>>> print(open('run-v2.cif').read())   # mmCIF, C-alpha atoms
data_work
loop_
_atom_site.label_atom_id
_atom_site.label_comp_id
_atom_site.auth_asym_id
_atom_site.auth_seq_id
_atom_site.Cartn_x
_atom_site.Cartn_y
_atom_site.Cartn_z
CA MET A 1307 12.60 -2.75 -29.60
CA SER A 1308 11.51 -6.30 -30.20
CA LEU A 1309 12.35 -7.34 -33.73
CA ARG A 1310 9.91 -10.14 -33.62
CA ARG A 1311 7.07 -7.79 -32.82
CA LEU A 1312 7.85 -5.70 -35.86
CA ASN A 1313 8.11 -8.81 -38.00
CA LEU A 1314 11.25 -7.45 -39.61
CA GLY A 1315 12.88 -10.68 -40.66
CA THR A 1316 15.78 -10.03 -42.95
CA LYS A 1317 14.06 -8.90 -46.10
CA PRO A 1318 13.90 -5.17 -46.86
CA LEU A 1319 10.92 -3.45 -45.33
CA SER A 1320 8.09 -2.21 -47.40
CA TRP A 1321 7.25 1.45 -47.44
CA HIS A 1322 4.43 1.39 -44.98
CA ARG A 1323 6.25 -0.86 -42.59
CA LYS A 1324 9.11 1.61 -42.45
CA CYS A 1325 6.63 4.35 -41.73
CA ILE A 1326 5.09 2.37 -38.89
CA ALA A 1327 8.53 1.50 -37.59
CA VAL A 1328 9.48 5.18 -37.36
CA LEU A 1329 6.15 5.94 -35.73
CA GLN A 1330 6.58 3.17 -33.17
CA LYS A 1331 10.11 4.26 -32.41
CA ASP A 1332 9.03 7.82 -31.70
CA LEU A 1333 6.02 6.76 -29.68
CA ARG A 1334 8.17 4.45 -27.60
CA LEU A 1335 10.74 7.17 -26.97
CA GLU A 1336 8.04 9.58 -26.05
CA PHE A 1337 6.43 7.20 -23.59
CA ARG A 1338 9.73 6.79 -21.81
CA THR A 1339 10.17 10.43 -20.95
CA ARG A 1340 6.85 12.04 -21.88
CA TYR A 1341 8.84 15.21 -22.35
CA ALA A 1342 7.04 16.76 -25.29
CA PHE A 1343 3.63 15.69 -24.09
CA GLY A 1344 4.23 17.14 -20.65
CA ALA A 1345 5.55 20.41 -22.04
CA LEU A 1346 2.54 20.82 -24.28
CA ILE A 1347 0.03 20.05 -21.56
CA MET A 1348 1.69 22.49 -19.22
CA PHE A 1349 1.72 25.20 -21.84
CA ALA A 1350 -1.93 24.76 -22.74
CA VAL A 1351 -3.13 24.49 -19.15
CA THR A 1352 -1.14 27.50 -18.01
CA THR A 1353 -2.54 29.65 -20.79
CA LEU A 1354 -6.08 28.55 -20.14
CA VAL A 1355 -5.81 29.07 -16.42
CA ALA A 1356 -4.22 32.47 -16.72
CA ILE A 1357 -6.85 33.82 -19.04
CA SER A 1358 -9.77 32.19 -17.36
CA PHE A 1359 -8.65 33.52 -14.02
CA SER A 1360 -8.37 37.07 -15.25
CA LEU A 1361 -11.79 36.84 -16.83
CA ALA A 1362 -13.21 35.48 -13.60
CA GLY A 1363 -15.79 33.26 -15.13
CA GLY A 1364 -16.99 32.81 -18.64
CA MET A 1365 -16.12 34.31 -21.96
CA ALA A 1366 -19.19 35.45 -23.74
CA ASP A 1367 -17.45 36.55 -26.89
CA THR A 1368 -17.09 33.52 -29.15
CA ASP A 1369 -14.82 35.40 -31.57
CA ILE A 1370 -12.11 35.81 -28.98
CA ALA A 1371 -12.68 32.37 -27.54
CA ALA A 1372 -12.25 30.76 -30.96
CA ALA A 1373 -9.08 32.68 -31.63
CA LEU A 1374 -7.74 31.77 -28.22
CA LEU A 1375 -8.18 28.06 -28.81
CA TRP A 1376 -6.13 28.22 -31.96
CA ILE A 1377 -3.47 30.40 -30.41
CA ILE A 1378 -3.04 27.72 -27.79
CA PHE A 1379 -2.90 24.98 -30.39
CA PHE A 1380 -0.48 26.89 -32.57
CA PHE A 1381 2.02 27.59 -29.84
CA SER A 1382 1.65 24.13 -28.39
CA ALA A 1383 2.40 22.73 -31.80
CA MET A 1384 5.45 24.95 -32.10
CA THR A 1385 6.71 23.70 -28.77
CA GLY A 1386 6.00 20.04 -29.27
CA VAL A 1387 6.56 19.39 -32.93
CA SER A 1388 10.17 20.43 -33.03
CA ARG A 1389 11.10 17.58 -30.77
CA ALA A 1390 10.76 15.10 -33.61
CA PHE A 1391 13.83 16.27 -35.48
CA VAL A 1392 15.81 18.30 -33.01
CA GLN A 1393 16.17 15.27 -30.80
CA GLU A 1394 17.48 13.26 -33.72
CA GLU A 1395 20.15 15.84 -34.32
CA GLU A 1396 21.03 16.14 -30.68
CA THR A 1397 21.29 12.46 -29.92
CA GLY A 1398 23.17 11.81 -33.13
CA THR A 1399 20.68 9.30 -34.46
CA ALA A 1400 19.88 11.40 -37.51
CA ILE A 1401 22.50 9.78 -39.69
CA ALA A 1402 21.37 6.30 -38.72
CA LEU A 1403 17.81 7.18 -39.60
CA LYS A 1404 18.88 8.61 -42.94
CA MET A 1405 20.62 5.37 -43.80
CA ALA A 1406 17.83 3.16 -42.58
CA ALA A 1407 14.89 4.49 -44.52
CA ASP A 1408 13.73 6.52 -47.49
CA PRO A 1409 12.64 10.09 -46.84
CA ALA A 1410 8.95 9.55 -47.48
CA PRO A 1411 8.30 6.90 -44.81
CA VAL A 1412 10.39 8.90 -42.35
CA PHE A 1413 8.29 11.97 -42.99
CA LEU A 1414 5.04 10.05 -42.72
CA GLY A 1415 6.13 8.34 -39.53
CA LYS A 1416 7.17 11.61 -37.92
CA PHE A 1417 4.05 13.35 -39.18
CA LEU A 1418 1.79 10.65 -37.77
CA PHE A 1419 3.64 10.85 -34.50
CA ASN A 1420 3.20 14.61 -34.31
CA ALA A 1421 -0.43 14.29 -35.32
CA ALA A 1422 -1.00 11.70 -32.59
CA LEU A 1423 0.75 13.97 -30.10
CA LEU A 1424 -1.34 16.99 -31.00
CA ILE A 1425 -4.57 15.03 -31.12
CA SER A 1426 -3.93 13.69 -27.64
CA ILE A 1427 -3.25 17.23 -26.46
CA ALA A 1428 -6.46 18.38 -28.10
CA VAL A 1429 -8.44 15.63 -26.39
CA LEU A 1430 -7.31 16.99 -23.05
CA VAL A 1431 -7.36 20.68 -23.85
CA VAL A 1432 -10.73 21.02 -25.55
CA PRO A 1433 -12.93 19.88 -22.64
CA LEU A 1434 -10.87 22.00 -20.28
CA TYR A 1435 -11.27 24.94 -22.61
CA LEU A 1436 -15.01 24.52 -22.89
CA VAL A 1437 -15.34 24.25 -19.14
CA MET A 1438 -13.08 27.14 -18.24
CA PHE A 1439 -14.67 29.57 -20.61
CA ASN A 1440 -18.16 28.33 -20.00
CA LEU A 1441 -18.86 27.75 -23.65
CA SER A 1442 -21.49 25.61 -25.23
CA VAL A 1443 -20.94 24.19 -28.66
CA ALA A 1444 -23.73 24.75 -31.14
CA ILE A 1445 -22.47 22.50 -33.93
CA VAL A 1446 -20.72 19.64 -32.20
CA GLY A 1447 -19.74 17.60 -35.24
CA GLY A 1448 -18.38 20.61 -37.03
CA PHE A 1449 -16.42 21.68 -34.00
CA LEU A 1450 -14.78 18.30 -33.54
CA LEU A 1451 -13.99 18.00 -37.23
CA THR A 1452 -12.46 21.46 -37.23
CA VAL A 1453 -10.26 20.66 -34.26
CA LEU A 1454 -9.16 17.39 -35.83
CA LEU A 1455 -8.37 18.88 -39.22
CA GLY A 1456 -6.69 21.94 -37.79
CA VAL A 1457 -4.49 19.96 -35.49
CA VAL A 1458 -3.48 17.52 -38.23
CA GLY A 1459 -2.62 20.47 -40.48
CA LEU A 1460 -0.47 21.98 -37.76
CA ALA A 1461 1.31 18.66 -37.39
CA ALA A 1462 1.96 18.40 -41.12
CA ALA A 1463 3.35 21.91 -41.54
CA GLY A 1464 5.22 21.65 -38.27
CA THR A 1465 6.91 18.38 -39.17
CA ILE A 1466 8.57 19.52 -42.34
CA LEU A 1467 9.37 22.95 -40.96
CA SER A 1468 10.98 21.47 -37.87
CA ALA A 1469 13.07 19.31 -40.18
CA ILE A 1470 14.25 22.52 -41.84
CA ALA A 1471 14.75 24.36 -38.58
CA ALA A 1472 16.64 21.47 -36.98
CA GLN A 1473 19.42 21.94 -39.51
CA SER A 1474 19.87 25.61 -38.70
CA ALA A 1475 21.62 27.36 -35.89
CA VAL A 1476 18.77 28.84 -33.92
CA LYS A 1477 16.35 25.94 -33.79
CA GLY A 1478 13.53 26.99 -31.48
CA SER A 1479 12.52 30.47 -32.46
CA LEU A 1480 13.17 29.79 -36.13
CA LEU A 1481 10.36 27.26 -36.25
CA THR A 1482 7.78 29.79 -35.10
CA VAL A 1483 9.01 32.41 -37.56
CA LEU A 1484 8.94 29.96 -40.44
CA SER A 1485 5.59 28.43 -39.66
CA LEU A 1486 3.55 31.56 -39.16
CA PRO A 1487 3.15 32.52 -42.84
CA ILE A 1488 2.55 28.93 -43.85
CA VAL A 1489 0.10 28.09 -41.10
CA LEU A 1490 -1.85 31.35 -41.29
CA PRO A 1491 -4.45 30.19 -43.85
CA LEU A 1492 -5.04 27.18 -41.63
CA LEU A 1493 -5.47 29.38 -38.58
CA ILE A 1494 -7.83 31.70 -40.39
CA GLY A 1495 -9.99 28.83 -41.58
CA ALA A 1496 -9.91 27.03 -38.25
CA THR A 1497 -10.72 30.15 -36.22
CA SER A 1498 -13.65 31.03 -38.45
CA ALA A 1499 -14.95 27.48 -38.38
CA THR A 1500 -14.61 27.30 -34.59
CA ARG A 1501 -16.37 30.61 -34.21
CA THR A 1502 -19.22 29.39 -36.36
CA ALA A 1503 -19.40 26.09 -34.52
CA LEU A 1504 -19.45 27.74 -31.12
CA SER A 1505 -21.95 30.43 -31.85
CA GLY A 1506 -24.14 28.52 -34.25
CA SER A 1507 -24.78 31.57 -36.37
CA ASN A 1508 -24.68 31.07 -40.13
CA PRO A 1509 -24.28 27.30 -39.86
CA GLY A 1510 -24.08 26.75 -43.61
CA SER A 1511 -20.74 28.48 -43.79
CA ILE A 1512 -18.99 25.92 -41.65
CA MET A 1513 -18.78 23.50 -44.55
CA THR A 1514 -16.92 26.13 -46.54
CA TYR A 1515 -14.35 26.52 -43.81
CA ILE A 1516 -14.02 22.79 -43.25
CA SER A 1517 -13.47 22.15 -46.94
CA MET A 1518 -10.88 24.91 -46.93
CA LEU A 1519 -9.12 23.14 -44.06
CA LEU A 1520 -9.32 19.85 -45.91
CA PHE A 1521 -7.79 21.27 -49.06
CA TYR A 1522 -5.12 23.06 -47.09
CA ASN A 1523 -4.16 19.89 -45.27
CA GLY A 1524 -4.12 17.96 -48.52
CA SER A 1525 -1.86 20.45 -50.28
CA VAL A 1526 0.55 20.81 -47.38
CA ILE A 1527 0.88 17.06 -46.89
CA ALA A 1528 1.37 16.49 -50.61
CA ALA A 1529 3.93 19.27 -50.89
CA SER A 1530 5.74 18.07 -47.78
CA LEU A 1531 5.96 14.52 -49.09
CA LEU A 1532 7.50 15.79 -52.30
CA LEU A 1533 9.85 18.26 -50.67
CA PHE A 1534 10.95 16.27 -47.64
CA GLU A 1535 13.51 14.36 -49.63
CA TYR A 1536 15.38 17.61 -50.31
CA VAL A 1537 15.36 18.55 -46.67
CA TRP A 1538 16.44 15.18 -45.46
CA HIS A 1539 19.29 14.30 -47.78
CA GLU A 1540 22.19 16.62 -48.40
CA MET B 1384 7.97 55.73 -66.08
CA THR B 1385 8.11 59.47 -65.50
CA ALA B 1386 5.41 59.92 -68.06
CA VAL B 1387 3.25 57.47 -66.16
CA ILE B 1388 3.72 59.32 -62.89
CA VAL B 1389 2.96 62.67 -64.46
CA ALA B 1390 0.03 61.29 -66.37
CA SER B 1391 -1.43 59.63 -63.35
CA PHE B 1392 -1.99 62.98 -61.79
CA LEU B 1393 -2.67 65.33 -64.66
CA TYR B 1394 -4.16 63.25 -67.39
CA VAL B 1395 -6.35 60.86 -65.54
CA PRO B 1396 -9.57 62.50 -64.48
CA ALA B 1397 -11.01 61.83 -61.07
CA ILE B 1398 -13.16 58.72 -60.98
CA PRO B 1399 -16.53 59.53 -59.53
CA GLY B 1400 -17.79 57.35 -56.76
CA PHE B 1401 -14.45 56.76 -55.09
CA GLY B 1402 -14.26 58.85 -51.96
CA ALA B 1403 -15.41 62.42 -51.67
CA THR B 1404 -13.64 63.84 -54.65
CA GLY B 1405 -12.75 60.67 -56.49
CA GLU B 1406 -9.08 61.49 -56.19
CA THR B 1407 -8.26 58.45 -54.13
CA ALA B 1408 -8.70 56.08 -57.01
CA ARG B 1409 -5.49 57.30 -58.60
CA ILE B 1410 -3.59 55.02 -56.35
CA ILE B 1411 -4.78 52.08 -58.41
CA ILE B 1412 -2.07 52.99 -60.88
CA TYR B 1413 0.63 52.33 -58.29
CA HIS B 1414 -0.91 49.87 -55.94
CA VAL B 1415 -2.10 47.21 -58.37
CA PRO B 1416 1.14 46.89 -60.36
CA ALA B 1417 3.15 46.75 -57.14
CA ALA B 1418 0.95 43.99 -55.75
CA TRP B 1419 1.01 42.14 -59.06
CA LEU B 1420 4.80 42.31 -59.15
CA ALA B 1421 5.13 41.19 -55.55
CA VAL B 1422 3.31 37.98 -56.43
CA LEU B 1423 5.06 37.62 -59.80
CA ALA B 1424 8.49 38.02 -58.21
CA TYR B 1425 7.60 35.35 -55.71
CA LEU B 1426 6.46 33.04 -58.49
CA VAL B 1427 9.74 33.56 -60.33
CA ALA B 1428 11.69 32.99 -57.10
CA THR B 1429 9.80 29.73 -56.60
CA ILE B 1430 10.57 28.63 -60.15
CA TYR B 1431 14.25 29.31 -59.59
CA SER B 1432 14.03 27.41 -56.29
CA VAL B 1433 12.62 24.39 -58.08
CA ALA B 1434 15.34 24.73 -60.71
CA TYR B 1435 17.94 24.84 -57.97
CA LEU B 1436 16.66 21.70 -56.28
CA LEU B 1437 16.65 19.84 -59.57
CA SER B 1438 20.02 21.03 -60.85
CA ARG B 1439 21.92 22.18 -57.72
CA ASP B 1440 23.28 25.05 -59.77
CA SER B 1441 24.05 27.91 -57.39
CA GLY B 1442 23.24 30.44 -60.09
CA HIS B 1443 19.60 29.50 -59.70
CA ASP B 1444 19.80 30.07 -55.99
CA ARG B 1445 21.28 33.55 -56.55
CA ARG B 1446 18.48 34.40 -58.94
CA ALA B 1447 15.91 33.14 -56.46
CA VAL B 1448 17.34 35.43 -53.77
CA VAL B 1449 17.36 38.42 -56.10
CA ASN B 1450 13.74 37.85 -56.97
CA ALA B 1451 12.87 37.45 -53.32
CA GLU B 1452 14.56 40.77 -52.53
CA LEU B 1453 12.76 42.58 -55.32
CA GLY B 1454 9.52 40.91 -54.36
CA THR B 1455 9.92 42.14 -50.81
CA VAL B 1456 10.39 45.70 -52.00
CA PHE B 1457 7.30 45.59 -54.18
CA CYS B 1458 5.35 43.86 -51.45
CA ILE B 1459 6.20 46.65 -49.00
CA LEU B 1460 5.13 49.19 -51.60
CA ALA B 1461 1.89 47.37 -52.22
CA THR B 1462 1.12 47.06 -48.51
CA VAL B 1463 1.88 50.70 -47.79
CA THR B 1464 -0.06 52.07 -50.76
CA GLY B 1465 -2.90 49.78 -49.84
CA ALA B 1466 -2.89 51.03 -46.27
CA ILE B 1467 -2.82 54.64 -47.42
CA TRP B 1468 -5.77 54.04 -49.70
CA SER B 1469 -7.54 52.15 -46.96
CA ARG B 1470 -7.16 55.13 -44.67
CA ALA B 1471 -8.50 57.45 -47.33
CA ALA B 1472 -11.36 55.26 -48.38
CA TRP B 1473 -12.43 53.43 -45.24
CA GLY B 1474 -11.00 55.55 -42.47
CA MET B 1475 -8.44 53.16 -41.04
CA TYR B 1476 -5.05 51.96 -42.11
CA TRP B 1477 -5.54 48.32 -41.33
CA ASN B 1478 -8.61 46.24 -40.62
CA TRP B 1479 -7.63 42.73 -41.69
CA ASP B 1480 -9.65 42.80 -44.82
CA PRO B 1481 -8.91 39.47 -46.55
CA ARG B 1482 -6.91 41.11 -49.32
CA GLN B 1483 -4.88 43.05 -46.78
CA THR B 1484 -4.30 39.85 -44.89
CA SER B 1485 -3.02 38.10 -48.00
CA ILE B 1486 -0.50 40.80 -48.81
CA ALA B 1487 0.62 40.91 -45.20
CA VAL B 1488 1.15 37.17 -45.20
CA LEU B 1489 3.14 37.45 -48.44
CA LEU B 1490 5.33 39.96 -46.66
CA LEU B 1491 5.69 37.52 -43.77
CA ILE B 1492 6.70 34.78 -46.18
CA TYR B 1493 9.42 36.98 -47.62
CA ALA B 1494 10.61 37.96 -44.15
CA ALA B 1495 10.68 34.34 -42.97
CA TYR B 1496 12.62 33.39 -46.12
CA PHE B 1497 15.34 35.89 -45.29
CA VAL B 1498 15.38 34.92 -41.61
CA LEU B 1499 15.88 31.31 -42.65
CA ARG B 1500 18.72 32.26 -44.96
CA SER B 1501 20.44 34.24 -42.24
CA ALA B 1502 20.16 31.37 -39.77
CA ILE B 1503 22.15 28.87 -41.80
CA SER B 1504 25.83 29.43 -42.32
CA ASP B 1505 26.69 26.63 -44.73
CA VAL B 1506 26.12 28.00 -48.22
CA VAL B 1507 24.91 24.84 -49.91
CA ARG B 1508 22.61 23.91 -47.05
CA ARG B 1509 21.25 27.42 -46.98
CA ALA B 1510 20.43 27.31 -50.68
CA ARG B 1511 18.77 23.92 -50.40
CA LEU B 1512 16.63 24.66 -47.34
CA SER B 1513 15.54 28.10 -48.43
CA ALA B 1514 14.55 26.65 -51.80
CA VAL B 1515 12.40 24.07 -50.03
CA TYR B 1516 10.85 26.76 -47.87
CA ALA B 1517 10.05 29.01 -50.82
CA ILE B 1518 8.28 26.17 -52.58
CA LEU B 1519 6.38 25.10 -49.48
CA ALA B 1520 5.22 28.64 -48.81
CA PHE B 1521 4.21 28.94 -52.44
CA VAL B 1522 1.76 26.09 -51.94
CA THR B 1523 -0.16 28.23 -49.48
CA VAL B 1524 -0.21 31.33 -51.68
CA PRO B 1525 -3.14 30.18 -53.86
CA PHE B 1526 -5.14 29.90 -50.67
CA LEU B 1527 -4.37 33.44 -49.78
CA VAL B 1528 -4.78 34.98 -53.17
CA PHE B 1529 -7.79 33.08 -54.43
CA VAL B 1530 -9.59 31.19 -51.69
CA VAL B 1531 -9.57 33.56 -48.75
CA PRO B 1532 -10.85 36.65 -50.59
CA ARG B 1533 -13.68 34.63 -52.06
CA THR B 1534 -14.60 32.81 -48.86
CA PHE B 1535 -14.72 35.84 -46.66
CA PRO B 1536 -16.51 39.03 -47.65
CA SER B 1537 -14.11 41.75 -48.65
CA LEU B 1538 -14.40 45.49 -49.04
CA HIS B 1539 -11.47 45.54 -51.40
CA PRO B 1540 -12.55 46.74 -54.86
CA ASP B 1541 -12.00 43.53 -56.66
CA LEU B 1542 -11.06 42.64 -60.14
CA GLY B 1543 -14.10 40.66 -61.22
CA ALA B 1544 -13.43 37.02 -61.96
CA ASP B 1545 -13.59 37.82 -65.64
CA GLY B 1546 -11.64 41.06 -65.30
CA SER B 1547 -14.83 43.05 -65.54
CA ARG B 1548 -13.42 45.88 -63.50
CA VAL B 1549 -10.69 46.45 -66.02
CA SER B 1550 -13.10 47.03 -68.83
CA ALA B 1551 -15.19 49.23 -66.61
CA MET B 1552 -12.38 51.75 -66.39
CA SER B 1553 -12.67 54.83 -68.52
CA PRO B 1554 -10.25 54.89 -71.48
CA GLU B 1555 -7.88 57.48 -69.99
CA VAL B 1556 -7.51 55.50 -66.79
CA LEU B 1557 -7.11 52.27 -68.69
CA VAL B 1558 -4.29 53.67 -70.80
CA VAL B 1559 -2.34 55.00 -67.85
CA PHE B 1560 -3.02 51.88 -65.83
CA VAL B 1561 -1.76 49.54 -68.50
CA ALA B 1562 1.21 51.81 -69.12
CA SER B 1563 1.99 51.74 -65.43
CA LEU B 1564 1.73 47.97 -65.38
CA ILE B 1565 4.18 47.75 -68.26
CA CYS B 1566 6.52 50.30 -66.68
CA PHE B 1567 6.55 48.57 -63.31
CA THR B 1568 7.26 45.26 -64.97
CA GLY B 1569 10.04 46.87 -66.97
CA LEU B 1570 11.48 48.33 -63.79
CA TYR B 1571 11.37 44.92 -62.16
CA LEU B 1572 13.08 43.19 -65.08
CA TRP B 1573 15.75 45.85 -65.26
CA LEU B 1574 16.45 45.71 -61.52
CA GLN B 1575 16.50 41.94 -61.65
CA ASN B 1576 19.01 42.00 -64.46
CA ILE B 1577 21.34 44.34 -62.60
CA GLN B 1578 21.08 42.48 -59.32
CA VAL B 1579 21.64 39.08 -60.90
CA ARG B 1580 24.74 40.31 -62.68
CA LEU B 1581 25.99 41.84 -59.45
CA HIS B 1582 25.44 38.65 -57.49
CA ASP B 1583 27.07 36.55 -60.19
CA LEU B 1584 30.12 38.80 -60.20
CA GLN B 1585 30.37 38.64 -56.44
CA ALA B 1586 30.14 34.87 -56.51
CA ARG B 1587 32.80 34.66 -59.17
CA ARG B 1588 35.08 36.97 -57.23
CA LEU B 1589 34.64 34.85 -54.12
CA LEU B 1590 35.52 31.78 -56.11
CA GLU B 1591 38.63 33.37 -57.56
CA ARG B 1592 39.69 34.76 -54.24
CA GLY B 1593 39.22 31.35 -52.71
CA ASN B 1594 41.69 29.91 -55.14
CA THR B 1595 44.36 32.42 -54.31
CA SER B 1596 43.58 33.11 -50.68
CA TRP B 1597 46.57 31.19 -49.39
CA GLY B 1598 48.86 33.17 -51.62
CA SER B 1599 47.56 36.61 -50.74
#
>>> encode(input="run-v2.cif", output="structure tokens")
Amino acid sequence: MSLRRLNLGTKPLSWHRKCIAVLQKDLRLEFRTRYAFGALIMFAVTTLVAISFSLAGGMADTDIAAALLWIIFFFSAMTGVSRAFVQEEETGTAIALKMAADPAPVFLGKFLFNAALLISIAVLVVPLYLVMFNLSVAIVGGFLLTVLLGVVGLAAAGTILSAIAAQSAVKGSLLTVLSLPIVLPLLIGATSATRTALSGSNPGSIMTYISMLLFYNGSVIAASLLLFEYVWHE
Amino acid sequence: MTAVIVASFLYVPAIPGFGATGETARIIIYHVPAAWLAVLAYLVATIYSVAYLLSRDSGHDRRAVVNAELGTVFCILATVTGAIWSRAAWGMYWNWDPRQTSIAVLLLIYAAYFVLRSAISDVVRRARLSAVYAILAFVTVPFLVFVVPRTFPSLHPDLGADGSRVSAMSPEVLVVFVASLICFTGLYLWLQNIQVRLHDLQARRLLERGNTSWGS
């Protein structure tokens, strides 16, 4: 990693520079192997293909289609988000990271990385999803906003929960168990909003759902920022 | 408590308008206090979790666990009584009514809390991480309890925002209901007391044994 590019110098880094440094480190690592990204894409595509094939065409029912999208996002998030901390533990870099930065920039950097990861997955999955299930979106802006907010919320909850799960014995399955109760309000809001956006019925309600998603994201991010310090440091 | 149970069947008259004979409404005397305690126990567990993170006193962690255990019991009671009433009133045990969803998610939170605790073997780390989880999950509870039922239409007979339903109860029902609320809370406090003392004694015994384990 080029020090000059980061403009590190020798003075202590400010808060947001540390955050960007963590983000850049993770992005760079991810670009080398593209492990998490590949796993997520494969998961999402396989699910879509399997269901679309068995339905042999379109899915008329927007309720089920909306739920399906968020099932895919949820399980993709569970698969991909854990990489952020489990890899630190496995490669032994966790201690170095703990010494190098305060908890809050580390959390923000990892969160932004996971958000970027999930957003890039969403960019690829959503068109595929619309095509495979032959859906047309009634409220385009609302739909895109819902996907963005939902995915960011999944990243936020997933980041801190994967930090917790990474310190336990059974890393993978524990993350899913832990995140379900916490992510459920997000999933409920996102599914309802997606359903409204796809079908176009009762369009006024979509703002209610979107504001619910916004508040949820805000509270989870705020709580995670406050709590992350206790997860990170012994 | 016995008086409450007896009274709930003999003293309280059937409330007209609830089901065919009005009998089904009796469950309010059990269901509401159980649900109320499930949430209260979780609130207390969260407070102890915060106290633990600030003070690192393991006594707080023990109390948090005790409250979580009690909360789980009351949550199961609330869910089951709710499902029974739902079957009697609406014909099916479970239909993801928003209120049902919220109590189910509370149950999931409790379950996940205990799964997390069982997955970590180091005692101090376990206390710290489960405290963080309890607090994080608590952040989402207001969404479940307040936002979701008001955003989505619910069939659940709701306490009006100003508690209007409470005052709409006939005096006999009100008396037994409040008595039940008090009795359930008393039961909870008593159980909590016993469990906390038990856990404290166990912890102390472990500590003492640890000091002499090489000798014995």
>>> interface_residues(input="run-v2.cif", of="chain B", to="chain A", cutoff="7 Å", atoms="all atoms listed in the file", output="list of chain:residue names")
B:Val1488, B:Leu1491, B:Ile1492, B:Ala1495, B:Ala1502, B:Ile1503, B:Leu1512, B:Val1515, B:Leu1519, B:Ala1520, B:Val1522, B:Thr1523, B:Phe1526, B:Leu1527
>>> residues_around(input="run-v2.cif", residues="Ala1421 (chain B)", least_positions_apart="3", cutoff="7 Å", atoms="all atoms listed in the file", output="PyMOL selection string")
chain B and resi 1417-1418+1424-1425+1454-1455+1457-1458
>>> resolve_selection(input="run-v2.cif", expression="the PyMOL selection byres ((chain A and resi 1450) around 12)", output="list in words")
Ile1425, Ala1428, Val1429, Val1432, Pro1433, Val1443, Ala1444, Ile1445, Val1446, Gly1447, Gly1448, Phe1449, Leu1451, Thr1452, Val1453, Leu1454, Leu1455, Gly1456, Val1457, Ala1496, Ala1499, Thr1500, Ala1503, Leu1504, Ile1512 and Ile1516 of chain A
>>> closest_residue(input="run-v2.cif", among="B:Ala1451, B:Leu1589, B:Val1463, B:Leu1499", to="Tyr1571 (chain B)", atoms="all atoms listed in the file")
B:Ala1451
>>> closest_atom_pairs(input="run-v2.cif", of="region 1369-1420 of chain A", to="region 1338-1343 of chain A", cutoff="10 Å", atoms="only C-alpha atoms", output="CSV")
residue,atom,partner,partner_atom,distance
A:Ser1382,CA,A:Ala1342,CA,9.6
A:Ala1383,CA,A:Ala1342,CA,10.0
A:Thr1385,CA,A:Ala1342,CA,7.8
A:Gly1386,CA,A:Ala1342,CA,5.3
A:Val1387,CA,A:Ala1342,CA,8.1
A:Ser1388,CA,A:Ala1342,CA,9.1
A:Arg1389,CA,A:Ala1342,CA,6.9
A:Ala1390,CA,A:Ala1342,CA,9.3
>>> atom_distance(input="run-v2.cif", atom1="CA of Ile1412 (chain B)", atom2="CA of Ala1562 (chain B)")
8.9 Å
>>> atom_distance(input="run-v2.cif", atom1="CA of Ser1468 (chain A)", atom2="CA of Met1348 (chain A)")
20.9 Å
>>> residues_around(input="run-v2.cif", residues="Phe1497 (chain B)", least_positions_apart="3", cutoff="9 Å", atoms="all atoms listed in the file", output="CSV table (one decimal) with C-alpha atoms, keeping the file's coordinate frame")
chain,number,residue,atom,x,y,z
B,1448,VAL,CA,17.3,35.4,-53.8
B,1451,ALA,CA,12.9,37.4,-53.3
B,1452,GLU,CA,14.6,40.8,-52.5
B,1492,ILE,CA,6.7,34.8,-46.2
B,1493,TYR,CA,9.4,37.0,-47.6
B,1494,ALA,CA,10.6,38.0,-44.2
B,1500,ARG,CA,18.7,32.3,-45.0
B,1501,SER,CA,20.4,34.2,-42.2
B,1502,ALA,CA,20.2,31.4,-39.8
B,1513,SER,CA,15.5,28.1,-48.4
>>> resolve_selection(input="run-v2.cif", expression="the PyMOL selection byres ((chain A and resi 1419) around 10)", output="NGL selection string")
:A and (1326 or 1328-1333 or 1336 or 1387 or 1390 or 1413-1418 or 1420-1425 or 1461 or 1465)
>>> closest_residue(input="run-v2.cif", among="A:Val1392, A:Ala1406, A:Leu1354, A:Ile1377", to="Leu1436 (chain A)", atoms="only C-alpha atoms")
A:Leu1354
>>> atom_distance(input="run-v2.cif", atom1="CA of Ser1485 (chain B)", atom2="CA of Ala1514 (chain B)")
21.3 Å
>>> resolve_selection(input="run-v2.cif", expression="the PyMOL selection byres ((chain A and resi 1400) around 12)", output="ChimeraX atom specification")
/A:1390-1399,1401-1407,1409,1412,1469,1472-1473,1538-1539
>>> write_last_selection(input="run-v2.cif", atoms="C-alpha atoms", output="compact mmCIF listing (two decimals), in the frame of the given file")
# COMPACT_ATOMS: atom_id res chain seq x y z
CA ALA A 1390 10.76 15.10 -33.61
CA PHE A 1391 13.83 16.27 -35.48
CA VAL A 1392 15.81 18.30 -33.01
CA GLN A 1393 16.17 15.27 -30.80
CA GLU A 1394 17.48 13.26 -33.72
CA GLU A 1395 20.15 15.84 -34.32
CA GLU A 1396 21.03 16.14 -30.68
CA THR A 1397 21.29 12.46 -29.92
CA GLY A 1398 23.17 11.81 -33.13
CA THR A 1399 20.68 9.30 -34.46
CA ILE A 1401 22.50 9.78 -39.69
CA ALA A 1402 21.37 6.30 -38.72
CA LEU A 1403 17.81 7.18 -39.60
CA LYS A 1404 18.88 8.61 -42.94
CA MET A 1405 20.62 5.37 -43.80
CA ALA A 1406 17.83 3.16 -42.58
CA ALA A 1407 14.89 4.49 -44.52
CA PRO A 1409 12.64 10.09 -46.84
CA VAL A 1412 10.39 8.90 -42.35
CA ALA A 1469 13.07 19.31 -40.18
CA ALA A 1472 16.64 21.47 -36.98
CA GLN A 1473 19.42 21.94 -39.51
CA TRP A 1538 16.44 15.18 -45.46
CA HIS A 1539 19.29 14.30 -47.78
